[in-house]
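Novice: Sharing target_9.cif here; it has mmCIF, C-alpha atoms.
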```cif
data_protein
#
loop_
_atom_site.label_atom_id
_atom_site.label_comp_id
_atom_site.auth_asym_id
_atom_site.auth_seq_id
_atom_site.Cartn_x
_atom_site.Cartn_y
_atom_site.Cartn_z
CA MET A 56 -13.02 -1.24 -0.88
CA ALA A 57 -14.40 2.00 -2.32
CA GLN A 58 -12.80 5.22 -1.13
CA ARG A 59 -15.53 7.82 -0.78
CA ALA A 60 -14.89 11.50 -0.11
CA ILE A 61 -16.87 13.28 2.57
CA ARG A 62 -17.48 16.96 3.22
CA GLU A 63 -15.08 18.95 5.37
CA TYR A 64 -17.94 19.76 7.73
CA ASP A 65 -18.73 16.05 8.25
CA ALA A 66 -15.07 15.19 8.82
CA LYS A 67 -14.69 17.88 11.47
CA LYS A 68 -17.96 16.93 13.12
CA MET A 69 -16.86 13.29 13.26
CA LEU A 70 -13.54 14.33 14.81
CA PHE A 71 -15.34 16.41 17.44
CA ASN A 72 -17.86 13.66 18.24
CA HIS A 73 -15.00 11.29 19.13
CA TRP A 74 -12.60 13.84 20.56
CA SER A 75 -12.80 12.70 24.18
CA GLU A 76 -12.34 9.06 23.16
CA TYR A 77 -9.10 9.61 21.25
CA PHE A 78 -7.44 12.68 22.75
CA ASP A 79 -7.69 11.90 26.47
CA GLY A 80 -8.04 15.51 27.58
CA ASP A 81 -4.55 16.30 26.30
CA PHE A 82 -5.98 18.55 23.62
CA LYS A 83 -9.06 20.70 23.18
CA TYR A 84 -11.12 21.26 20.05
CA ASP A 85 -13.76 23.98 20.22
CA PHE A 86 -15.90 22.82 17.31
CA LYS A 87 -17.83 25.73 15.85
CA SER A 88 -18.92 25.07 12.30
CA VAL A 89 -22.08 25.30 10.19
CA LEU A 90 -22.92 23.78 6.84
CA ILE A 91 -24.96 26.00 4.54
CA THR A 92 -26.98 24.62 1.61
CA PRO A 93 -29.58 26.21 -0.73
CA GLU A 94 -32.26 25.13 1.77
CA THR A 95 -30.64 26.92 4.73
CA ASP A 96 -32.55 29.88 6.15
CA LEU A 97 -29.63 32.28 6.57
CA ASP A 98 -31.65 34.75 8.62
CA LYS A 99 -32.61 32.16 11.24
CA LEU A 100 -29.26 30.36 11.43
CA PRO A 101 -27.82 32.64 14.17
CA GLU A 102 -30.68 31.58 16.44
CA ARG A 103 -29.10 28.11 16.62
CA HIS A 104 -25.51 29.38 16.39
CA PRO A 105 -25.29 32.75 18.21
CA TRP A 106 -21.50 32.88 17.76
CA LEU A 107 -22.11 33.77 14.10
CA LEU A 108 -23.06 37.27 15.22
CA HIS A 109 -20.20 37.79 17.66
CA MET A 110 -17.07 36.41 16.04
CA PRO A 111 -15.00 37.20 12.93
CA LEU A 112 -15.76 34.53 10.33
CA VAL A 113 -14.36 32.47 7.48
CA ALA A 114 -16.52 31.03 4.69
CA LYS A 115 -15.61 28.65 1.86
CA PRO A 116 -17.27 26.07 -0.42
CA ASP A 117 -17.53 22.52 0.95
CA MET A 118 -17.80 20.54 -2.29
CA LEU A 119 -14.86 18.11 -2.46
CA PHE A 120 -12.37 20.28 -4.32
CA GLY A 121 -9.17 21.81 -3.02
CA LYS A 122 -7.05 24.91 -3.56
CA ARG A 123 -10.00 27.08 -2.58
CA GLY A 124 -7.69 29.83 -1.37
CA LYS A 125 -5.77 29.95 -4.64
CA LEU A 126 -9.07 29.95 -6.52
CA GLY A 127 -10.26 33.01 -4.60
CA LEU A 128 -13.07 31.02 -2.99
CA VAL A 129 -12.31 31.69 0.67
CA LEU A 130 -13.91 34.68 2.35
CA TYR A 131 -11.63 35.55 5.25
CA LYS A 132 -10.86 39.24 5.01
CA ILE A 133 -12.21 42.51 3.71
CA GLU A 134 -9.95 45.30 5.00
CA LYS A 135 -7.93 43.17 7.40
CA PRO A 136 -7.81 39.50 8.40
CA GLY A 137 -10.71 38.54 10.63
CA ASP A 138 -12.85 41.48 9.61
CA VAL A 139 -15.69 39.39 8.18
CA LYS A 140 -19.12 39.63 9.79
CA TRP A 141 -22.22 37.46 9.37
CA GLU A 142 -23.82 39.98 7.00
CA ASP A 143 -20.71 39.79 4.79
CA VAL A 144 -20.92 36.00 4.77
CA LYS A 145 -24.61 36.01 3.81
CA LYS A 146 -24.01 38.40 0.93
CA TRP A 147 -20.98 36.49 -0.33
CA ILE A 148 -22.70 33.09 -0.21
CA LYS A 149 -25.78 34.38 -2.05
CA GLU A 150 -23.53 35.81 -4.77
CA LYS A 151 -21.51 32.61 -5.11
CA MET A 152 -24.61 30.42 -5.25
CA SER A 153 -26.02 32.44 -8.14
CA GLU A 154 -23.06 32.36 -10.52
CA PRO A 155 -21.45 29.34 -12.25
CA VAL A 156 -17.79 28.58 -11.62
CA THR A 157 -15.35 26.32 -13.45
CA ILE A 158 -13.08 24.03 -11.43
CA LYS A 159 -10.62 21.76 -13.28
CA GLY A 160 -12.68 21.98 -16.45
CA GLN A 161 -15.98 21.22 -14.69
CA THR A 162 -18.56 23.99 -14.62
CA GLY A 163 -21.27 24.07 -12.01
CA TYR A 164 -22.82 25.97 -9.13
CA LEU A 165 -21.59 26.21 -5.57
CA THR A 166 -24.30 24.80 -3.33
CA HIS A 167 -22.61 23.88 -0.03
CA PHE A 168 -20.52 26.15 2.18
CA ILE A 169 -18.84 25.80 5.56
CA VAL A 170 -18.67 28.80 7.90
CA GLU A 171 -16.40 28.94 10.96
CA PRO A 172 -14.76 31.46 13.29
CA PHE A 173 -11.60 33.12 12.02
CA VAL A 174 -8.59 31.77 13.97
CA PRO A 175 -5.50 34.03 14.24
CA HIS A 176 -2.36 31.88 14.18
CA ASP A 177 1.36 32.07 13.52
CA GLU A 178 2.51 28.57 12.54
CA GLU A 179 0.70 26.43 9.98
CA TYR A 180 1.49 22.73 10.26
CA TYR A 181 0.63 19.94 7.85
CA ILE A 182 -0.53 16.43 8.64
CA ALA A 183 -1.84 13.76 6.27
CA MET A 184 -2.48 10.03 6.49
CA THR A 185 -3.19 7.54 3.76
CA MET A 186 -3.91 3.83 3.70
CA GLU A 187 -1.55 1.68 1.62
CA ARG A 188 -1.63 -2.01 0.70
CA GLU A 189 1.17 -3.00 3.12
CA GLY A 190 0.44 -0.41 5.80
CA ASP A 191 -0.20 3.30 6.19
CA LYS A 192 1.78 6.46 5.51
CA ILE A 193 1.90 9.60 7.61
CA PHE A 194 3.11 12.92 6.20
CA MET A 195 4.23 15.73 8.55
CA SER A 196 5.53 19.24 7.95
CA ALA A 197 6.06 22.56 9.70
CA PHE A 198 5.25 24.32 6.42
CA GLY A 199 1.52 23.88 5.91
CA GLY A 200 -0.95 26.13 4.16
CA ILE A 201 -1.61 26.88 0.52
CA ASP A 202 2.07 26.55 -0.42
CA VAL A 203 2.62 23.06 1.03
CA GLU A 204 3.18 21.58 -2.43
CA GLU A 205 5.90 24.11 -3.17
CA ASN A 206 7.55 23.01 0.11
CA TRP A 207 7.05 19.28 -0.38
CA ASP A 208 10.77 18.63 0.06
CA LYS A 209 10.24 19.61 3.71
CA VAL A 210 7.46 17.07 4.29
CA LYS A 211 8.55 14.05 6.35
CA GLU A 212 7.06 10.72 5.26
CA VAL A 213 6.66 7.85 7.72
CA PHE A 214 5.58 4.31 6.81
CA ILE A 215 3.56 2.44 9.45
CA PRO A 216 3.54 -1.35 8.87
CA ALA A 217 0.09 -2.96 8.94
CA LEU A 218 0.82 -5.02 12.06
CA ALA A 219 2.85 -2.41 13.94
CA ALA A 220 2.31 -2.36 17.71
CA ASP A 221 1.40 0.88 19.53
CA GLU A 222 4.93 1.38 20.87
CA GLU A 223 6.44 0.93 17.42
CA ILE A 224 3.97 3.45 15.95
CA LYS A 225 4.75 5.91 18.72
CA LYS A 226 8.49 5.55 18.13
CA LEU A 227 8.22 5.92 14.34
CA ILE A 228 6.19 9.10 14.66
CA ARG A 229 8.38 10.72 17.33
CA GLU A 230 11.61 9.93 15.49
CA ASN A 231 10.33 11.55 12.30
CA VAL A 232 8.76 14.78 13.53
CA PRO A 233 10.30 17.53 11.33
CA ALA A 234 13.07 19.49 13.05
CA GLU A 235 11.36 22.82 12.26
CA ILE A 236 8.35 22.05 14.52
CA LYS A 237 8.84 23.93 17.79
CA ASP A 238 7.09 21.62 20.27
CA LYS A 239 7.94 18.19 18.87
CA ASP A 240 6.51 16.20 21.79
CA LYS A 241 3.13 17.92 21.62
CA TYR A 242 2.94 17.56 17.86
CA ALA A 243 3.95 13.88 17.95
CA ASN A 244 1.42 13.18 20.68
CA PHE A 245 -1.35 14.74 18.58
CA VAL A 246 -0.31 12.85 15.44
CA GLN A 247 -0.29 9.52 17.27
CA LYS A 248 -3.78 10.07 18.65
CA LEU A 249 -5.04 11.28 15.28
CA TYR A 250 -3.64 8.13 13.68
CA ASN A 251 -5.64 5.97 16.09
CA PHE A 252 -8.76 7.90 15.08
CA PHE A 253 -7.83 7.43 11.40
CA LYS A 254 -7.47 3.65 11.78
CA ASP A 255 -10.45 2.95 14.02
CA LEU A 256 -12.93 4.88 11.90
CA HIS A 257 -11.65 3.33 8.65
CA PHE A 258 -10.45 6.43 6.89
CA THR A 259 -8.51 5.79 3.69
CA TYR A 260 -7.21 9.36 3.50
CA LEU A 261 -7.09 12.24 5.97
CA GLU A 262 -5.40 15.60 5.53
CA ILE A 263 -5.38 18.63 7.80
CA ASN A 264 -3.81 21.62 6.08
CA PRO A 265 -3.20 23.85 7.81
CA LEU A 266 -3.24 22.64 11.38
CA ALA A 267 -2.86 25.38 14.01
CA MET A 268 -1.98 24.67 17.65
CA THR A 269 -2.11 27.20 20.46
CA GLY A 270 -1.23 25.71 23.82
CA ASN A 271 -3.36 22.57 24.02
CA GLN A 272 -6.01 24.08 21.73
CA VAL A 273 -6.11 22.46 18.27
CA TYR A 274 -7.55 24.09 15.14
CA PRO A 275 -7.97 21.85 12.06
CA LEU A 276 -8.44 24.77 9.70
CA ASP A 277 -8.85 22.76 6.48
CA PHE A 278 -9.82 19.08 6.49
CA VAL A 279 -9.95 16.61 3.57
CA ALA A 280 -11.10 13.05 4.17
CA ARG A 281 -12.15 9.83 2.47
CA LEU A 282 -13.73 6.76 4.08
CA ASP A 283 -13.78 3.09 3.16
CA ASP A 284 -17.49 2.74 2.47
CA THR A 285 -17.35 -1.05 2.77
CA ALA A 286 -16.65 -0.55 6.50
CA GLN A 287 -20.05 1.04 7.12
CA PHE A 288 -21.40 -2.10 8.78
CA VAL A 289 -18.42 -2.01 11.19
CA VAL A 290 -18.25 1.66 12.15
CA GLY A 291 -21.41 3.17 10.66
CA ARG A 292 -22.65 4.15 14.12
CA LYS A 293 -19.44 6.04 14.79
CA TRP A 294 -19.70 7.82 11.45
CA GLY A 295 -23.22 8.97 12.22
CA GLU A 296 -25.34 10.40 9.43
CA ILE A 297 -22.72 10.66 6.73
CA GLU A 298 -23.15 11.77 3.13
CA PHE A 299 -21.00 10.71 0.20
CA PRO A 300 -21.61 13.60 -2.20
CA SER A 301 -20.89 13.62 -5.91
CA GLY A 302 -17.88 15.53 -7.16
CA PHE A 303 -18.23 19.17 -8.11
CA GLY A 304 -19.95 19.88 -11.42
CA ARG A 305 -21.55 16.47 -11.65
CA GLU A 306 -25.20 16.09 -10.77
CA LEU A 307 -26.62 12.61 -10.27
CA THR A 308 -28.56 11.26 -13.24
CA PRO A 309 -32.11 9.98 -12.52
CA GLU A 310 -30.78 6.42 -12.73
CA GLU A 311 -27.91 7.11 -10.32
CA LYS A 312 -30.31 8.78 -7.92
CA TYR A 313 -32.68 5.81 -8.14
CA ILE A 314 -29.89 3.38 -7.20
CA LYS A 315 -28.66 5.75 -4.47
CA ASP A 316 -32.17 5.81 -2.97
CA MET A 317 -32.31 2.01 -3.13
CA ASP A 318 -28.92 1.78 -1.44
CA GLU A 319 -30.01 4.02 1.42
CA LYS A 320 -33.03 1.79 2.13
CA SER A 321 -31.13 -1.50 1.88
CA GLY A 322 -28.77 -3.43 4.09
CA ALA A 323 -26.88 -4.34 0.92
CA SER A 324 -24.54 -2.08 -1.04
CA LEU A 325 -25.87 -0.83 -4.40
CA LYS A 326 -23.75 1.72 -6.27
CA LEU A 327 -23.93 3.07 -9.82
CA THR A 328 -21.97 5.77 -11.63
CA ILE A 329 -22.52 6.45 -15.32
CA LEU A 330 -19.17 7.19 -16.94
CA ASN A 331 -20.13 7.18 -20.61
CA PRO A 332 -23.77 6.50 -21.61
CA GLU A 333 -22.60 5.75 -25.17
CA GLY A 334 -19.94 3.32 -23.96
CA ARG A 335 -19.76 -0.22 -25.31
CA ILE A 336 -18.52 -2.04 -22.18
CA TRP A 337 -21.01 -2.42 -19.32
CA THR A 338 -20.37 -4.14 -16.01
CA LEU A 339 -22.42 -5.83 -13.30
CA VAL A 340 -19.87 -6.43 -10.58
CA ALA A 341 -20.44 -7.96 -7.15
CA GLY A 342 -18.25 -6.29 -4.52
CA GLY A 343 -16.64 -2.89 -4.03
CA GLY A 344 -13.09 -4.21 -4.31
CA ALA A 345 -13.95 -6.27 -7.40
CA SER A 346 -15.52 -3.24 -9.07
CA VAL A 347 -12.20 -1.40 -8.76
CA VAL A 348 -10.27 -4.40 -10.13
CA TYR A 349 -12.55 -4.77 -13.16
CA ALA A 350 -12.53 -1.04 -13.96
CA ASP A 351 -8.73 -0.89 -13.60
CA THR A 352 -8.30 -3.92 -15.85
CA ILE A 353 -10.49 -2.41 -18.57
CA ALA A 354 -8.51 0.82 -18.35
CA ASP A 355 -5.15 -0.98 -18.33
CA LEU A 356 -6.12 -2.78 -21.54
CA GLY A 357 -6.72 0.57 -23.23
CA TYR A 358 -10.52 0.63 -23.23
CA VAL A 359 -11.23 3.24 -20.56
CA ASP A 360 -13.03 5.48 -23.08
CA GLU A 361 -15.45 2.66 -23.84
CA LEU A 362 -16.26 1.85 -20.21
CA ALA A 363 -19.87 2.89 -19.70
CA ASN A 364 -20.45 2.47 -15.97
CA TYR A 365 -18.88 1.81 -12.60
CA GLY A 366 -20.62 0.33 -9.59
CA GLU A 367 -21.38 -2.70 -7.50
CA TYR A 368 -24.10 -4.85 -6.01
CA SER A 369 -22.88 -6.57 -2.86
CA GLY A 370 -23.73 -7.38 0.74
CA ASN A 371 -26.19 -10.15 -0.24
CA PRO A 372 -28.91 -8.03 -1.90
CA SER A 373 -32.31 -9.66 -2.33
CA ARG A 374 -33.53 -11.05 -5.63
CA ALA A 375 -35.84 -8.04 -6.03
CA GLU A 376 -33.06 -5.53 -5.26
CA THR A 377 -30.73 -7.21 -7.74
CA ARG A 378 -33.47 -7.26 -10.38
CA GLU A 379 -34.11 -3.51 -10.02
CA TYR A 380 -30.40 -2.73 -10.09
CA VAL A 381 -29.82 -4.80 -13.23
CA LYS A 382 -32.92 -3.44 -14.96
CA THR A 383 -31.54 0.07 -14.44
CA VAL A 384 -28.26 -0.91 -16.09
CA PHE A 385 -30.04 -2.74 -18.93
CA ASP A 386 -32.28 0.27 -19.57
CA LEU A 387 -29.23 2.49 -19.99
CA MET A 388 -27.31 -0.07 -22.00
CA THR A 389 -30.06 -0.71 -24.56
CA ARG A 390 -30.98 2.87 -25.41
CA SER A 391 -28.70 2.96 -28.43
CA LYS A 392 -26.54 0.69 -30.58
CA ASP A 393 -22.79 1.01 -30.85
CA PRO A 394 -22.11 3.71 -33.52
CA GLN A 395 -19.58 1.39 -35.20
CA GLY A 396 -21.98 -1.53 -35.27
CA ARG A 397 -19.99 -3.64 -32.82
CA PRO A 398 -21.71 -5.78 -30.19
CA LYS A 399 -21.99 -4.32 -26.71
CA ILE A 400 -20.19 -6.25 -23.99
CA LEU A 401 -21.76 -7.12 -20.65
CA ILE A 402 -19.34 -8.32 -17.99
CA ILE A 403 -20.97 -9.99 -14.98
CA GLY A 404 -18.09 -10.44 -12.59
CA GLY A 405 -16.99 -10.69 -9.03
CA ALA A 406 -14.60 -12.37 -6.64
CA ILE A 407 -15.48 -15.44 -4.60
CA ALA A 408 -18.29 -14.34 -2.30
CA ASN A 409 -18.15 -14.99 1.43
CA PHE A 410 -21.85 -14.84 2.22
CA THR A 411 -23.70 -13.45 -0.82
CA ASP A 412 -25.97 -16.16 -2.29
CA VAL A 413 -24.83 -16.24 -5.92
CA ALA A 414 -27.86 -18.22 -7.10
CA LYS A 415 -30.25 -15.73 -5.47
CA THR A 416 -28.60 -12.65 -6.97
CA PHE A 417 -28.30 -14.38 -10.35
CA ALA A 418 -32.03 -15.10 -10.18
CA GLY A 419 -32.52 -11.31 -10.04
CA ILE A 420 -30.22 -10.86 -13.04
CA ILE A 421 -32.17 -13.54 -14.94
CA ASP A 422 -35.47 -11.78 -14.15
CA ALA A 423 -34.12 -8.56 -15.66
CA MET A 424 -32.59 -10.46 -18.58
CA LYS A 425 -35.97 -11.95 -19.49
CA GLU A 426 -37.62 -8.52 -19.39
CA TYR A 427 -34.95 -6.91 -21.59
CA ALA A 428 -34.13 -9.89 -23.84
CA ASP A 429 -35.47 -8.33 -27.05
CA LYS A 430 -33.65 -5.04 -26.48
CA LEU A 431 -30.43 -6.85 -25.53
CA LYS A 432 -30.57 -8.85 -28.75
CA GLU A 433 -31.29 -5.71 -30.75
CA ILE A 434 -28.03 -4.08 -29.63
CA GLY A 435 -26.13 -7.34 -30.18
CA VAL A 436 -24.99 -7.90 -26.60
CA LYS A 437 -22.38 -10.52 -25.69
CA ILE A 438 -22.29 -11.66 -22.06
CA TYR A 439 -19.29 -12.87 -20.09
CA VAL A 440 -19.72 -14.22 -16.55
CA ARG A 441 -17.20 -15.09 -13.83
CA ARG A 442 -18.37 -15.76 -10.26
CA GLY A 443 -17.74 -17.91 -7.21
CA GLY A 444 -19.20 -18.24 -3.73
CA PRO A 445 -22.21 -19.84 -2.02
CA ASN A 446 -24.43 -21.69 -4.55
CA TYR A 447 -22.30 -20.48 -7.45
CA GLU A 448 -22.66 -23.78 -9.38
CA LEU A 449 -26.44 -23.45 -9.39
CA GLY A 450 -26.27 -19.74 -10.22
CA LEU A 451 -23.91 -20.26 -13.17
CA LYS A 452 -25.99 -23.16 -14.50
CA GLN A 453 -29.22 -21.18 -14.31
CA ILE A 454 -27.89 -18.00 -15.91
CA LYS A 455 -26.31 -19.97 -18.76
CA GLU A 456 -29.53 -21.88 -19.42
CA ALA A 457 -31.64 -18.72 -19.22
CA ALA A 458 -29.45 -16.73 -21.62
CA GLU A 459 -29.31 -19.57 -24.14
CA SER A 460 -33.09 -20.03 -24.03
CA LEU A 461 -33.48 -16.30 -24.72
CA GLY A 462 -31.03 -16.38 -27.60
CA LEU A 463 -28.39 -14.29 -25.83
CA PRO A 464 -24.74 -15.29 -26.43
CA ILE A 465 -23.05 -16.02 -23.11
CA GLU A 466 -19.82 -17.49 -21.73
CA VAL A 467 -19.81 -18.64 -18.11
CA TYR A 468 -16.82 -19.30 -15.82
CA GLY A 469 -16.41 -20.20 -12.17
CA PRO A 470 -13.72 -19.52 -9.54
CA GLU A 471 -11.23 -21.75 -11.38
CA THR A 472 -10.87 -18.83 -13.81
CA HIS A 473 -8.88 -15.74 -12.78
CA ILE A 474 -11.15 -12.93 -11.62
CA THR A 475 -10.47 -10.63 -14.59
CA ALA A 476 -9.73 -13.24 -17.31
CA ILE A 477 -13.15 -12.62 -18.84
CA VAL A 478 -12.23 -8.98 -19.42
CA SER A 479 -9.31 -9.66 -21.77
CA LYS A 480 -11.29 -12.46 -23.45
CA ALA A 481 -14.33 -10.24 -24.02
CA LEU A 482 -12.24 -7.40 -25.42
CA SER A 483 -10.12 -9.59 -27.68
CA ASP A 484 -13.20 -11.42 -29.00
CA ASN A 485 -15.07 -8.22 -29.82
CA LYS A 486 -12.61 -5.66 -31.16
#
```
What's the C-alpha cells form of this structure?

Specialist:
Amino acid sequence: MAQRAIREYDAKKMLFNHWSEYFDGDFKYDFKSVLITPETDLDKLPERHPWLLHMPLVAKPDMLFGKRGKLGLVLYKIEKPGDVKWEDVKKWIKEKMSEPVTIKGQTGYLTHFIVEPFVPHDEEYYIAMTMEREGDKIFMSAFGGIDVEENWDKVKEVFIPALAADEEIKKLIRENVPAEIKDKDKYANFVQKLYNFFKDLHFTYLEINPLAMTGNQVYPLDFVARLDDTAQFVVGRKWGEIEFPSGFGRELTPEEKYIKDMDEKSGASLKLTILNPEGRIWTLVAGGGASVVYADTIADLGYVDELANYGEYSGNPSRAETREYVKTVFDLMTRSKDPQGRPKILIIGGAIANFTDVAKTFAGIIDAMKEYADKLKEIGVKIYVRRGGPNYELGLKQIKEAAESLGLPIEVYGPETHITAIVSKALSDNK
C-alpha cells in the first residue's frame, strides 16, 4: 500500500460526487469550488462559475501543505470577513504565483489554488479518520480550526476494529461524541456516514478541519486526504480523474516524469521517486507494500541518507515496461561512482507475487542489465535479489546466469529467505 495525498479540491469533488450514495438525503452539501492553475483563464472562469461574481469568496493554495491560515496564505477578508470579491481573488492569486515562498524549509512557487464561497459560521468542529493495521481510528472534537492542536486534549479518539459490524461502529461513534458538541445525534450521524465513505473509497487518511454545520447543511471548509493507490483497480471509477501531485517545492525530475507518463498509460503500477541521486543504495522493488518495507528497513539500519530512490514496479508489467523502468534506474545509478570508492548496491526485492510473472519481469531486468553491463561494472555494483511468485524459479535462475555471464556480482534468494534479509546482508557486506 502506498498512501498518496490528493488535492483538497479533488477530495471535496469526490465527496460531492458520492454525496447522495452515502448521506441518504439527511445532509446537504452545496459544492461550489474551483481549482486554479497557471493555465486557468481567470477572466473567463466566471462564465462557467457565475457565483464567483455574486458571492464573498475565500482563496488559498491547494498544494498538499497545511497551516495555510497561520502562514498568511488564506485570502478571506480585507476590511471585514466575507468582503472578498472576484477581482480581489484574481489580484491576490497573480501576486502569489509570481513570488517564491518557503514552507518547512522548501522554497517554491504556488501554482494551484482553490476558490470557494465564504461561509459565515459559529462553531468549528473537527473530524479525522486514519487507517491503522488492526482497524481504523476516528478523531472528533468541538474545537476545530487553526488551534485544534493547541486543544488536542479535547479531541476524542475512537478505535474501530477491522471487522466491526455496522451496529458496533454506530454505537462506538455515538458513545464517544464529545460532550461540547451541541447536536450530538446529528454530528454522530454525519460521522458514521462519512466513515462509510472513507472505507468504501479506500482512503488512508481524511481530515475535515474545520467542519461547519448549519441545520442539515454541511460545510467541509478545509479537507486533507490520502488514498491507497493500490486500490485504484477496485475503486478507480469512483475516484474519477484523480491526480497524485508532488509535494510542495519539489518538481518532478525528467526521469520521474518519464515513469509517471508510463504509469498513466499502463495497467501496471510504475512509480519512481529520486531521494538522493548520489546515493549508494538503489532498489528495484516489486509491489507498493514491499517498497515501503524495504525503504523502512534501510532507514532502520541507519542508511537512510544513502538510499537513492523509492518506487515500485507491480501489477504484472510487461517485459518492455519493466525494461524501460529498470533502464531509467540504471541510467541514474551509473552516472557517477561512490565518492568513497565503495561499490554501489542494487537490491532487487519483493514479496511473493500473487499474479505477476516473475520470469517475465526479470526478463525485462535482464534486458536492461545487458545494455548497462559496462556502466554497472564501472561503478562496481553488487546485486542482491530476493523474489517469489509465479515462475520465480525460472526467473531467479535466468537472472543469476545473466549477471554471471556479464561479470556482475550477484546473490540470489527465493521465498525461503525473509523478505528483507538481503538488505542487512548487502549493507553488512559492503560497509

Novice: Using only C-alpha atoms, what residues lie at most 12 Å away from (-13.0, 3.5, 9.2) (file coordinates), given as a VMD selection string?

Specialist: chain A and resid 56 to 59 66 69 185 to 186 250 to 261 280 to 295

Novice: Would you kindly translate the PyMOL selection byres ((chain A and resi 195-205) around 10) into the concrete residues it picks from this file, as a ChimeraX atom specification?

Specialist: /A:121-125,178-184,193-194,206-213,228,231-237,242-243,246,263-267,276-277

Novice: Neighbours of range 141-152 of chain A within 8 Å (all atoms listed in the file; same-chain residues fewer than 3 positions away dropped), as an NGL selection string?

Specialist: :A and (93 or 97 or 107-108 or 112-114 or 130 or 155 or 164-166 or 168)

Novice: Identify all residues satisfying the PyMOL selection byres ((chain A and resi 68) around 12) in the given file; provide them as a PyMOL selection string.

Specialist: chain A and resi 61-67+69-74+84-90+169+275+278+280+293-297

Novice: Using only C-alpha atoms, which protein or nucleic acid residues come within 10 Å of Leu387 in chain A? Drop anything in the same chain fewer than 2 positions from it, and give the result as a PDB file with C-alpha atoms, in the coordinates of the input.

Specialist:
```pdb
ATOM      1  CA  GLU A 310     -30.780   6.420 -12.730  1.00  0.00           C
ATOM      2  CA  ILE A 329     -22.520   6.450 -15.320  1.00  0.00           C
ATOM      3  CA  PRO A 332     -23.770   6.500 -21.610  1.00  0.00           C
ATOM      4  CA  GLU A 333     -22.600   5.750 -25.170  1.00  0.00           C
ATOM      5  CA  TRP A 337     -21.010  -2.420 -19.320  1.00  0.00           C
ATOM      6  CA  ALA A 363     -19.870   2.890 -19.700  1.00  0.00           C
ATOM      7  CA  ASN A 364     -20.450   2.470 -15.970  1.00  0.00           C
ATOM      8  CA  VAL A 381     -29.820  -4.800 -13.230  1.00  0.00           C
ATOM      9  CA  LYS A 382     -32.920  -3.440 -14.960  1.00  0.00           C
ATOM     10  CA  THR A 383     -31.540   0.070 -14.440  1.00  0.00           C
ATOM     11  CA  VAL A 384     -28.260  -0.910 -16.090  1.00  0.00           C
ATOM     12  CA  PHE A 385     -30.040  -2.740 -18.930  1.00  0.00           C
ATOM     13  CA  THR A 389     -30.060  -0.710 -24.560  1.00  0.00           C
ATOM     14  CA  ARG A 390     -30.980   2.870 -25.410  1.00  0.00           C
ATOM     15  CA  SER A 391     -28.700   2.960 -28.430  1.00  0.00           C
TER      16      SER A 391
END
```

Novice: Could you work out an axis-aligned bounding box for all listed atoms of range 353-358 of chain A, with 6 Å added on each of the six sides, and give its centre and edge lengths in Å to one decimal, as AutoDock Vina command-line options?

Specialist:
```
--center_x -7.8 --center_y -1.0 --center_z -20.8 --size_x 17.4 --size_y 15.6 --size_z 16.9
```

Novice: Report as a ChimeraX atom specification the full result of the PyMOL selection byres ((chain A and resi 429-440) around 8) when it is applied to this structure.

Specialist: /A:385,389,391-393,397-404,426-428,441-442,462-468,477,481

Novice: The residues within 10 Å of (-10.4, -7.1, -13.4), using only C-alpha atoms and the coordinates of the file, should be reported as a PyMOL selection string; which are they?

Specialist: chain A and resi 340+344-355+404-406+473-479

Novice: Can you work out the spacing between CA of Thr377 in chain A and CA of Phe417 in chain A in Å, to one decimal?

Specialist: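 Spanning CA of Thr377 in chain A to CA of Phe417 in chain A is a straight-line distance of 8.0 Å.
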
Novice: Report as a short mmCIF file (atom, residue, chain, number, x, y, z; two decimals) with C-alpha atoms, in the frame of the given file all protein, DNA and RNA residues lying within 12 Å of Thr416 in chain A, evaluated on all atoms listed in the file, omitting residues in the same chain fewer than 3 positions from it.

Specialist:
```cif
data_model
loop_
_atom_site.label_atom_id
_atom_site.label_comp_id
_atom_site.auth_asym_id
_atom_site.auth_seq_id
_atom_site.Cartn_x
_atom_site.Cartn_y
_atom_site.Cartn_z
CA ALA A 323 -26.88 -4.34 0.92
CA LEU A 339 -22.42 -5.83 -13.30
CA VAL A 340 -19.87 -6.43 -10.58
CA ALA A 341 -20.44 -7.96 -7.15
CA TYR A 368 -24.10 -4.85 -6.01
CA SER A 369 -22.88 -6.57 -2.86
CA GLY A 370 -23.73 -7.38 0.74
CA ASN A 371 -26.19 -10.15 -0.24
CA PRO A 372 -28.91 -8.03 -1.90
CA SER A 373 -32.31 -9.66 -2.33
CA ARG A 374 -33.53 -11.05 -5.63
CA ALA A 375 -35.84 -8.04 -6.03
CA GLU A 376 -33.06 -5.53 -5.26
CA THR A 377 -30.73 -7.21 -7.74
CA ARG A 378 -33.47 -7.26 -10.38
CA GLU A 379 -34.11 -3.51 -10.02
CA TYR A 380 -30.40 -2.73 -10.09
CA VAL A 381 -29.82 -4.80 -13.23
CA ILE A 403 -20.97 -9.99 -14.98
CA GLY A 405 -16.99 -10.69 -9.03
CA ALA A 408 -18.29 -14.34 -2.30
CA PHE A 410 -21.85 -14.84 2.22
CA THR A 411 -23.70 -13.45 -0.82
CA ASP A 412 -25.97 -16.16 -2.29
CA VAL A 413 -24.83 -16.24 -5.92
CA GLY A 419 -32.52 -11.31 -10.04
CA ILE A 420 -30.22 -10.86 -13.04
CA ILE A 421 -32.17 -13.54 -14.94
CA ASP A 422 -35.47 -11.78 -14.15
CA ALA A 423 -34.12 -8.56 -15.66
CA ARG A 442 -18.37 -15.76 -10.26
CA GLY A 444 -19.20 -18.24 -3.73
CA PRO A 445 -22.21 -19.84 -2.02
CA ASN A 446 -24.43 -21.69 -4.55
CA TYR A 447 -22.30 -20.48 -7.45
CA LEU A 449 -26.44 -23.45 -9.39
CA GLY A 450 -26.27 -19.74 -10.22
CA LEU A 451 -23.91 -20.26 -13.17
CA GLN A 453 -29.22 -21.18 -14.31
CA ILE A 454 -27.89 -18.00 -15.91
#
```

Novice: Enter the distance from CA of Asn271 in chain A to CA of Phe82 in chain A, in Å, rounded to one decimal.

Specialist: 4.8 Å

Novice: Give me, please, the distance in Å between CA of Glu459 in chain A and CA of Val359 in chain A, quoted to one decimal.

Specialist: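 So the answer is 29.3 Å.
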
Novice: Which of these residues is nearest to Lys83 in chain A, using only C-alpha atoms: A:Leu249, A:Leu128, A:Val273, A:Leu227?

Specialist: A:Val273
